[in-house]
file target-v9.txt (compact mmCIF, C-alpha atoms)
# COMPACT_ATOMS: atom_id res chain seq x y z
CA MET A 1070 56.05 -39.41 -73.64
CA GLN A 1071 57.94 -36.41 -74.99
CA MET A 1072 56.70 -34.28 -72.10
CA ASP A 1073 57.93 -36.88 -69.61
CA SER A 1074 61.34 -36.89 -71.27
CA GLU A 1075 61.57 -33.10 -71.18
CA ARG A 1076 60.40 -33.07 -67.56
CA GLY A 1077 63.06 -35.64 -66.61
CA ASN A 1078 65.78 -33.65 -68.33
CA GLN A 1079 64.57 -30.49 -66.60
CA ILE A 1080 64.64 -32.19 -63.19
CA LYS A 1081 68.17 -33.44 -63.85
CA GLN A 1082 69.26 -29.94 -64.95
CA ASP A 1083 67.70 -28.34 -61.87
CA ARG A 1084 69.51 -30.76 -59.59
CA ILE A 1085 72.80 -30.09 -61.29
CA ASP A 1086 72.26 -26.33 -61.05
CA ASP A 1087 71.56 -26.66 -57.32
CA ASN A 1088 74.87 -28.47 -56.86
CA ARG A 1089 76.83 -25.38 -57.84
CA GLY A 1090 76.10 -23.85 -54.46
CA LEU A 1091 76.21 -26.15 -51.45
CA GLY A 1092 75.47 -23.32 -49.07
CA CYS A 1093 77.61 -21.94 -46.31
CA CYS A 1094 77.16 -24.92 -43.99
CA GLY A 1095 77.80 -27.31 -46.84
CA TRP A 1096 81.09 -25.71 -47.78
CA ILE A 1097 82.18 -25.65 -44.14
CA ILE A 1098 81.52 -29.40 -43.83
CA VAL A 1099 83.37 -30.07 -47.07
CA ILE A 1100 86.39 -28.02 -45.99
CA ILE A 1101 86.52 -29.74 -42.60
CA SER A 1102 86.31 -33.16 -44.27
CA ALA A 1103 89.10 -32.20 -46.68
CA ILE A 1104 91.30 -31.02 -43.78
CA PHE A 1105 90.76 -34.28 -41.90
CA ALA A 1106 91.59 -36.20 -45.09
CA ILE A 1107 94.87 -34.27 -45.39
CA PHE A 1108 95.81 -34.82 -41.74
CA LEU A 1109 95.00 -38.51 -41.99
CA PHE A 1110 96.63 -38.83 -45.38
CA PRO A 1111 98.17 -42.30 -45.05
CA VAL A 1112 94.81 -43.73 -44.01
CA SER A 1113 92.46 -41.48 -45.99
CA ILE A 1114 94.22 -42.24 -49.28
CA PHE A 1115 92.73 -45.73 -49.22
CA ILE A 1116 89.27 -44.28 -48.62
CA SER A 1117 89.50 -41.42 -51.12
CA ILE A 1118 90.81 -43.32 -54.14
CA LYS A 1119 88.17 -45.29 -56.04
CA ILE A 1120 88.40 -47.29 -59.24
CA VAL A 1121 85.68 -48.11 -61.73
CA LYS A 1122 86.04 -50.54 -64.61
CA GLU A 1123 85.84 -49.78 -68.31
CA TYR A 1124 82.15 -50.70 -68.51
CA GLU A 1125 81.18 -48.82 -65.32
CA ARG A 1126 80.55 -45.22 -64.39
CA ALA A 1127 80.35 -43.59 -60.93
CA VAL A 1128 77.71 -41.02 -60.00
CA ILE A 1129 79.13 -38.97 -57.08
CA PHE A 1130 76.93 -37.36 -54.46
CA ARG A 1131 78.37 -34.61 -52.26
CA LEU A 1132 76.18 -33.92 -49.25
CA GLY A 1133 73.37 -35.69 -51.12
CA ARG A 1134 73.74 -33.71 -54.34
CA ILE A 1135 75.18 -34.78 -57.68
CA THR A 1136 78.54 -33.07 -58.10
CA ALA A 1137 79.02 -33.01 -61.90
CA ARG A 1138 77.19 -33.05 -65.18
CA LYS A 1139 79.00 -36.21 -66.20
CA ALA A 1140 79.58 -39.46 -64.34
CA LYS A 1141 83.15 -40.35 -63.38
CA GLY A 1142 85.12 -43.13 -64.99
CA PRO A 1143 86.50 -45.33 -66.21
CA GLY A 1144 89.68 -45.46 -64.13
CA ILE A 1145 90.70 -43.70 -60.90
CA PHE A 1146 88.82 -40.86 -59.23
CA PHE A 1147 88.87 -39.24 -55.80
CA ILE A 1148 86.16 -38.59 -53.25
CA ILE A 1149 86.17 -36.65 -50.00
CA PRO A 1150 85.58 -38.91 -47.01
CA CYS A 1151 82.43 -38.35 -44.91
CA THR A 1152 80.80 -35.97 -47.42
CA ASP A 1153 80.97 -37.89 -50.70
CA SER A 1154 79.27 -41.10 -51.72
CA PHE A 1155 78.94 -42.71 -55.12
CA ILE A 1156 76.84 -45.27 -57.00
CA LYS A 1157 78.29 -47.51 -59.68
CA VAL A 1158 76.28 -47.88 -62.87
CA ASP A 1159 76.91 -50.73 -65.31
CA LEU A 1160 76.83 -49.62 -68.96
CA ARG A 1161 76.81 -53.11 -70.49
CA THR A 1162 73.80 -54.39 -72.40
CA VAL A 1163 71.42 -56.33 -70.17
CA SER A 1164 68.88 -58.87 -71.37
CA PHE A 1165 65.87 -60.25 -69.55
CA ASP A 1166 62.96 -62.52 -70.38
CA ILE A 1167 59.41 -61.18 -70.36
CA PRO A 1168 57.33 -63.75 -68.43
CA PRO A 1169 54.53 -65.42 -70.42
CA GLN A 1170 51.58 -63.03 -70.60
CA GLU A 1171 47.96 -64.14 -71.11
CA ILE A 1172 46.76 -61.71 -73.78
CA LEU A 1173 43.34 -61.27 -75.41
CA THR A 1174 43.86 -60.38 -79.06
CA LYS A 1175 41.70 -58.05 -81.11
CA ASP A 1176 39.63 -60.97 -82.45
CA SER A 1177 38.96 -62.28 -78.90
CA VAL A 1178 41.47 -65.14 -78.85
CA THR A 1179 43.47 -65.80 -75.67
CA VAL A 1180 47.17 -66.49 -76.31
CA SER A 1181 50.23 -66.77 -74.10
CA VAL A 1182 53.18 -64.71 -75.37
CA ASP A 1183 56.68 -64.23 -73.97
CA GLY A 1184 59.68 -62.30 -75.24
CA VAL A 1185 63.14 -60.95 -74.53
CA VAL A 1186 64.38 -57.36 -74.17
CA TYR A 1187 67.92 -56.00 -74.57
CA PHE A 1188 68.71 -52.62 -73.01
CA ARG A 1189 71.59 -50.59 -71.60
CA VAL A 1190 72.14 -47.45 -69.55
CA SER A 1191 72.83 -44.49 -71.82
CA ASP A 1192 72.78 -41.76 -69.14
CA PRO A 1193 74.11 -42.90 -65.73
CA ILE A 1194 73.03 -39.72 -63.92
CA ALA A 1195 69.42 -39.95 -65.16
CA SER A 1196 69.23 -43.66 -64.33
CA VAL A 1197 70.17 -42.88 -60.72
CA ALA A 1198 68.42 -39.53 -60.16
CA ASN A 1199 65.14 -39.99 -62.10
CA VAL A 1200 64.08 -43.52 -61.15
CA SER A 1201 64.57 -45.60 -58.02
CA ASN A 1202 65.34 -48.87 -59.84
CA ALA A 1203 65.81 -48.53 -63.58
CA ASP A 1204 66.24 -52.26 -64.20
CA TYR A 1205 63.08 -53.31 -62.35
CA SER A 1206 61.04 -50.45 -63.80
CA THR A 1207 62.06 -51.40 -67.33
CA ARG A 1208 61.04 -55.01 -66.72
CA LEU A 1209 57.58 -54.00 -65.51
CA LEU A 1210 57.12 -51.57 -68.38
CA ALA A 1211 58.08 -54.26 -70.90
CA GLN A 1212 55.31 -56.54 -69.60
CA THR A 1213 52.63 -53.87 -69.86
CA THR A 1214 53.88 -52.76 -73.28
CA LEU A 1215 53.67 -56.34 -74.56
CA ARG A 1216 50.05 -56.55 -73.41
CA ASN A 1217 49.11 -53.18 -74.89
CA VAL A 1218 50.72 -53.79 -78.28
CA LEU A 1219 49.42 -57.33 -78.80
CA GLY A 1220 45.95 -56.34 -77.61
CA THR A 1221 45.56 -54.29 -80.81
CA LYS A 1222 46.56 -57.17 -83.13
CA ASN A 1223 44.61 -60.06 -84.62
CA LEU A 1224 45.76 -63.63 -84.10
CA SER A 1225 46.96 -63.90 -87.69
CA GLU A 1226 49.05 -60.74 -87.25
CA VAL A 1227 50.55 -62.04 -84.00
CA LEU A 1228 51.59 -65.29 -85.68
CA SER A 1229 52.90 -63.86 -88.96
CA ASP A 1230 54.01 -60.29 -88.24
CA ARG A 1231 56.35 -60.64 -85.26
CA GLU A 1232 59.02 -58.35 -86.68
CA SER A 1233 56.77 -55.29 -86.88
CA ILE A 1234 55.40 -56.04 -83.38
CA SER A 1235 58.96 -56.19 -82.04
CA HIS A 1236 59.85 -52.86 -83.68
CA SER A 1237 56.69 -51.26 -82.30
CA MET A 1238 57.47 -52.48 -78.79
CA GLN A 1239 61.07 -51.28 -79.05
CA ALA A 1240 60.00 -47.79 -80.13
CA THR A 1241 57.42 -47.55 -77.34
CA LEU A 1242 59.80 -48.78 -74.64
CA ASP A 1243 62.67 -46.59 -75.86
CA GLU A 1244 60.50 -43.50 -75.78
CA ALA A 1245 59.11 -44.29 -72.32
CA THR A 1246 62.50 -45.04 -70.75
CA ASP A 1247 64.39 -42.13 -72.31
CA SER A 1248 63.89 -39.97 -69.22
CA TRP A 1249 65.32 -42.81 -67.10
CA GLY A 1250 68.57 -42.83 -69.06
CA ILE A 1251 67.75 -46.24 -70.57
CA LYS A 1252 68.28 -47.19 -74.23
CA VAL A 1253 66.22 -50.17 -75.43
CA GLU A 1254 68.28 -51.79 -78.19
CA ARG A 1255 66.17 -54.76 -79.22
CA VAL A 1256 62.89 -56.54 -78.46
CA GLU A 1257 62.05 -60.03 -79.70
CA ILE A 1258 58.90 -62.17 -79.44
CA LYS A 1259 60.05 -65.64 -78.39
CA ASP A 1260 56.99 -67.89 -78.38
CA VAL A 1261 53.25 -67.70 -78.95
CA LYS A 1262 51.29 -70.48 -77.25
CA LEU A 1263 47.75 -71.19 -78.43
CA PRO A 1264 45.02 -73.06 -76.50
CA HIS A 1265 44.87 -76.79 -77.29
CA GLN A 1266 41.36 -76.57 -78.70
CA LEU A 1267 42.42 -73.80 -81.07
CA GLN A 1268 45.48 -75.82 -82.12
CA ARG A 1269 43.27 -78.80 -82.99
CA ALA A 1270 40.85 -76.57 -84.91
CA MET A 1271 43.68 -74.96 -86.89
CA ALA A 1272 45.21 -78.39 -87.59
CA ALA A 1273 41.84 -79.70 -88.85
CA GLU A 1274 41.44 -76.62 -91.05
CA ALA A 1275 44.93 -77.05 -92.50
CA GLU A 1276 44.31 -80.77 -93.11
CA ALA A 1277 41.02 -80.05 -94.88
CA THR A 1278 42.76 -77.45 -97.03
CA ARG A 1279 45.50 -79.92 -97.98
CA GLU A 1280 42.93 -82.65 -98.81
CA ALA A 1281 40.96 -80.25 -100.99
CA ARG A 1282 44.13 -79.25 -102.82
CA ALA A 1283 45.08 -82.93 -103.28
CA LYS A 1284 41.65 -83.73 -104.77
CA VAL A 1285 41.95 -80.84 -107.19
CA ILE A 1286 45.39 -82.01 -108.28
CA ALA A 1287 44.14 -85.61 -108.69
CA ALA A 1288 41.16 -84.43 -110.76
CA GLU A 1289 43.44 -82.38 -112.99
CA GLY A 1290 45.70 -85.43 -113.43
CA GLU A 1291 42.76 -87.67 -114.40
CA MET A 1292 41.55 -85.06 -116.87
CA ASN A 1293 44.97 -84.88 -118.51
CA ALA A 1294 45.23 -88.68 -118.52
CA SER A 1295 41.82 -89.06 -120.17
CA ARG A 1296 42.83 -86.63 -122.89
CA ALA A 1297 46.04 -88.59 -123.50
CA LEU A 1298 44.11 -91.89 -123.63
CA LYS A 1299 41.67 -90.41 -126.10
CA GLU A 1300 44.51 -89.35 -128.38
CA ALA A 1301 46.16 -92.77 -127.99
CA SER A 1302 42.92 -94.57 -128.89
CA LEU A 1303 42.58 -92.48 -132.04
CA VAL A 1304 46.13 -93.39 -133.07
CA ILE A 1305 45.61 -97.12 -132.36
CA SER A 1306 42.26 -97.22 -134.21
CA GLU A 1307 44.02 -96.12 -137.40
CA SER A 1308 46.34 -99.18 -137.27
CA PRO A 1309 44.95 -102.59 -136.11
CA SER A 1310 48.47 -104.01 -135.91
CA GLY A 1311 49.35 -101.30 -133.42
CA LEU A 1312 46.78 -102.78 -131.06
CA GLN A 1313 48.47 -106.21 -131.30
CA LEU A 1314 51.83 -104.62 -130.54
CA ARG A 1315 50.29 -102.95 -127.51
CA TYR A 1316 49.02 -106.37 -126.35
CA LEU A 1317 52.51 -107.85 -126.62
CA GLN A 1318 54.04 -104.91 -124.76
CA THR A 1319 51.54 -105.37 -121.94
CA LEU A 1320 52.36 -109.10 -121.71
CA SER A 1321 56.07 -108.30 -121.56
CA THR A 1322 55.48 -105.88 -118.69
CA ILE A 1323 53.37 -108.40 -116.75
CA ALA A 1324 55.92 -111.22 -117.27
CA ALA A 1325 58.71 -109.06 -115.86
CA GLU A 1326 56.90 -108.88 -112.51
CA LYS A 1327 56.91 -112.75 -112.11
CA ASN A 1328 53.17 -113.10 -111.73
CA SER A 1329 51.69 -116.59 -111.48
CA THR A 1330 48.51 -115.77 -113.39
CA ILE A 1331 48.37 -113.88 -116.66
CA ILE A 1332 45.10 -112.88 -118.32
CA PHE A 1333 45.63 -112.67 -122.05
CA PRO A 1334 42.95 -110.72 -123.96
CA LEU A 1335 42.01 -112.05 -127.41
CA PRO A 1336 40.84 -109.82 -130.22
CA MET A 1337 37.15 -110.05 -131.01
CA ASP A 1338 37.75 -110.68 -134.71
CA ILE A 1339 39.60 -113.96 -133.94
CA ILE A 1340 36.78 -115.20 -131.72
CA SER A 1341 34.17 -114.24 -134.29
CA HIS A 1342 36.09 -116.23 -136.94
CA PHE A 1343 35.80 -119.48 -134.92
CA MET A 1344 32.14 -118.82 -134.22
CA HIS A 1345 31.36 -118.51 -137.93
CA LYS A 1346 33.02 -121.89 -138.60
CA LYS A 1347 30.60 -123.58 -136.22
call {"tool": "encode", "arguments": {"input": "target-v9.txt", "output": "structure tokens"}}
result
Amino acid sequence: MQMDSERGNQIKQDRIDDNRGLGCCGWIIVIISAIFAIFLFPVSIFISIKIVKEYERAVIFRLGRITARKAKGPGIFFIIPCTDSFIKVDLRTVSFDIPPQEILTKDSVTVSVDGVVYFRVSDPIASVANVSNADYSTRLLAQTTLRNVLGTKNLSEVLSDRESISHSMQATLDEATDSWGIKVERVEIKDVKLPHQLQRAMAAEAEATREARAKVIAAEGEMNASRALKEASLVISESPSGLQLRYLQTLSTIAAEKNSTIIFPLPMDIISHFMHKK
């Protein structure tokens, strides 16, 4: 990637160096065009004066060659009719959606992933001279980069580690598009769609995990309750009257619920007393 960037910068520098000398024929054509522009001044003024907006830059070609190291703008600039042409380049940040890509992860799971990329033109001359369509090329490269990066990740990493995947994609795209004069500002993973069968399997696994955790919690609660009941039985066994008070408290609780039938337990010592009388 670094070699590509250096090669692109070298190509741009060579083209700029060639522009310093248009050749004898080139200068003759330029001079003739300038003379005609002067003679036809009232008309040529409307052709020569161009305006670019604050967020735009103009790359000027004179006889097919870039005229300056820096793009023109914003504001007013002049061109020579017949010999000069220019291309406007928008410097604003552009966003586009990466279409859903069917990707095979490292653990052989097929997922559908889409995302969004934010980029802008950092070098207008390179974006015009080094690539035919910087916007379209960046879109295609983003799709292939998404496939390449996610192909090295497991499903669990794709679902839980989106931030690092986004940073990795941004670094890769920014390095690849540097020679095109493109600056990739941000990459985000929007959605990860799993197959329906895998969704059901993951849901069943999560449900089983929750049920197992609930059973463990219930068992721990029963164990704690049994310990408390054991301690309560030891306290009640020391005082027989405490058991009678517990009976009365239970009856009071049942009566508050307006039940039609109340089962009242009798102590065994009272029943045994009547049996001895017989």
call {"tool": "residues_around", "arguments": {"input": "target-v9.txt", "residues": "A:Ile1100", "least_positions_apart": "4", "cutoff": "12 Å", "atoms": "only C-alpha atoms", "output": "MDAnalysis selection string"}}
result
chainID A and resid 1091 1093:1096 1104:1107 1149:1152
call {"tool": "closest_residue", "arguments": {"input": "target-v9.txt", "among": "A:Ile1167, A:Ala1127, A:Leu1224, A:Ala1198", "to": "A:Ser1154", "atoms": "all atoms listed in the file"}}
result
A:Ala1127
call {"tool": "atom_distance", "arguments": {"input": "target-v9.txt", "atom1": "atom CA of A:Leu1320", "atom2": "atom CA of A:Ser1306"}}
result
20.0 Å
call {"tool": "residues_near_point", "arguments": {"input": "target-v9.txt", "point": "(64.9, -41.1, -63.2)", "cutoff": "9 Å", "atoms": "all atoms listed in the file", "output": "number ranges by chain"}}
result
A: 1077, 1080-1081, 1194-1203, 1246, 1248-1250
call {"tool": "closest_atom_pairs", "arguments": {"input": "target-v9.txt", "of": "stretch 1196-1313 of chain A", "to": "stretch 1175-1180 of chain A", "cutoff": "12 Å", "atoms": "all atoms listed in the file", "output": "JSON lines"}}
result
{"residue": "A:Arg1216", "atom": "CA", "partner": "A:Val1180", "partner_atom": "CA", "distance": 10.7}
{"residue": "A:Asn1217", "atom": "CA", "partner": "A:Lys1175", "partner_atom": "CA", "distance": 10.8}
{"residue": "A:Val1218", "atom": "CA", "partner": "A:Lys1175", "partner_atom": "CA", "distance": 10.4}
{"residue": "A:Leu1219", "atom": "CA", "partner": "A:Lys1175", "partner_atom": "CA", "distance": 8.1}
{"residue": "A:Gly1220", "atom": "CA", "partner": "A:Lys1175", "partner_atom": "CA", "distance": 5.8}
{"residue": "A:Thr1221", "atom": "CA", "partner": "A:Lys1175", "partner_atom": "CA", "distance": 5.4}
{"residue": "A:Lys1222", "atom": "CA", "partner": "A:Lys1175", "partner_atom": "CA", "distance": 5.3}
{"residue": "A:Asn1223", "atom": "CA", "partner": "A:Lys1175", "partner_atom": "CA", "distance": 5.0}
{"residue": "A:Leu1224", "atom": "CA", "partner": "A:Asp1176", "partner_atom": "CA", "distance": 6.9}
{"residue": "A:Ser1225", "atom": "CA", "partner": "A:Asp1176", "partner_atom": "CA", "distance": 9.5}
{"residue": "A:Glu1226", "atom": "CA", "partner": "A:Lys1175", "partner_atom": "CA", "distance": 9.9}
{"residue": "A:Val1227", "atom": "CA", "partner": "A:Val1180", "partner_atom": "CA", "distance": 9.5}
{"residue": "A:Leu1228", "atom": "CA", "partner": "A:Val1180", "partner_atom": "CA", "distance": 10.4}
{"residue": "A:Asp1260", "atom": "CA", "partner": "A:Val1180", "partner_atom": "CA", "distance": 10.1}
{"residue": "A:Val1261", "atom": "CA", "partner": "A:Val1180", "partner_atom": "CA", "distance": 6.7}
{"residue": "A:Lys1262", "atom": "CA", "partner": "A:Val1180", "partner_atom": "CA", "distance": 5.8}
{"residue": "A:Leu1263", "atom": "CA", "partner": "A:Val1180", "partner_atom": "CA", "distance": 5.2}
{"residue": "A:Pro1264", "atom": "CA", "partner": "A:Val1180", "partner_atom": "CA", "distance": 6.9}
{"residue": "A:His1265", "atom": "CA", "partner": "A:Val1180", "partner_atom": "CA", "distance": 10.6}
{"residue": "A:Gln1266", "atom": "CA", "partner": "A:Thr1179", "partner_atom": "CA", "distance": 11.4}
{"residue": "A:Leu1267", "atom": "CA", "partner": "A:Val1178", "partner_atom": "CA", "distance": 9.0}
{"residue": "A:Gln1268", "atom": "CA", "partner": "A:Val1180", "partner_atom": "CA", "distance": 11.1}
call {"tool": "axis_aligned_box", "arguments": {"input": "target-v9.txt", "around": "stretch 1295-1304 of chain A", "padding_each_side": "6 Å", "output": "lines of an AutoDock Vina configuration file"}}
result
center_x = 43.9
center_y = -90.6
center_z = -126.6
size_x = 16.5
size_y = 19.9
size_z = 24.9
call {"tool": "atom_distance", "arguments": {"input": "target-v9.txt", "atom1": "atom CA of A:Gln1170", "atom2": "atom CA of A:Ala1275"}}
result
26.8 Å
call {"tool": "closest_residue", "arguments": {"input": "target-v9.txt", "among": "A:Glu1300, A:Leu1242, A:Phe1155, A:Ile1323", "to": "A:Ile1120", "atoms": "all atoms listed in the file"}}
result
A:Phe1155
call {"tool": "atom_distance", "arguments": {"input": "target-v9.txt", "atom1": "atom CA of A:Ile1145", "atom2": "atom CA of A:Phe1110"}}
result
17.3 Å
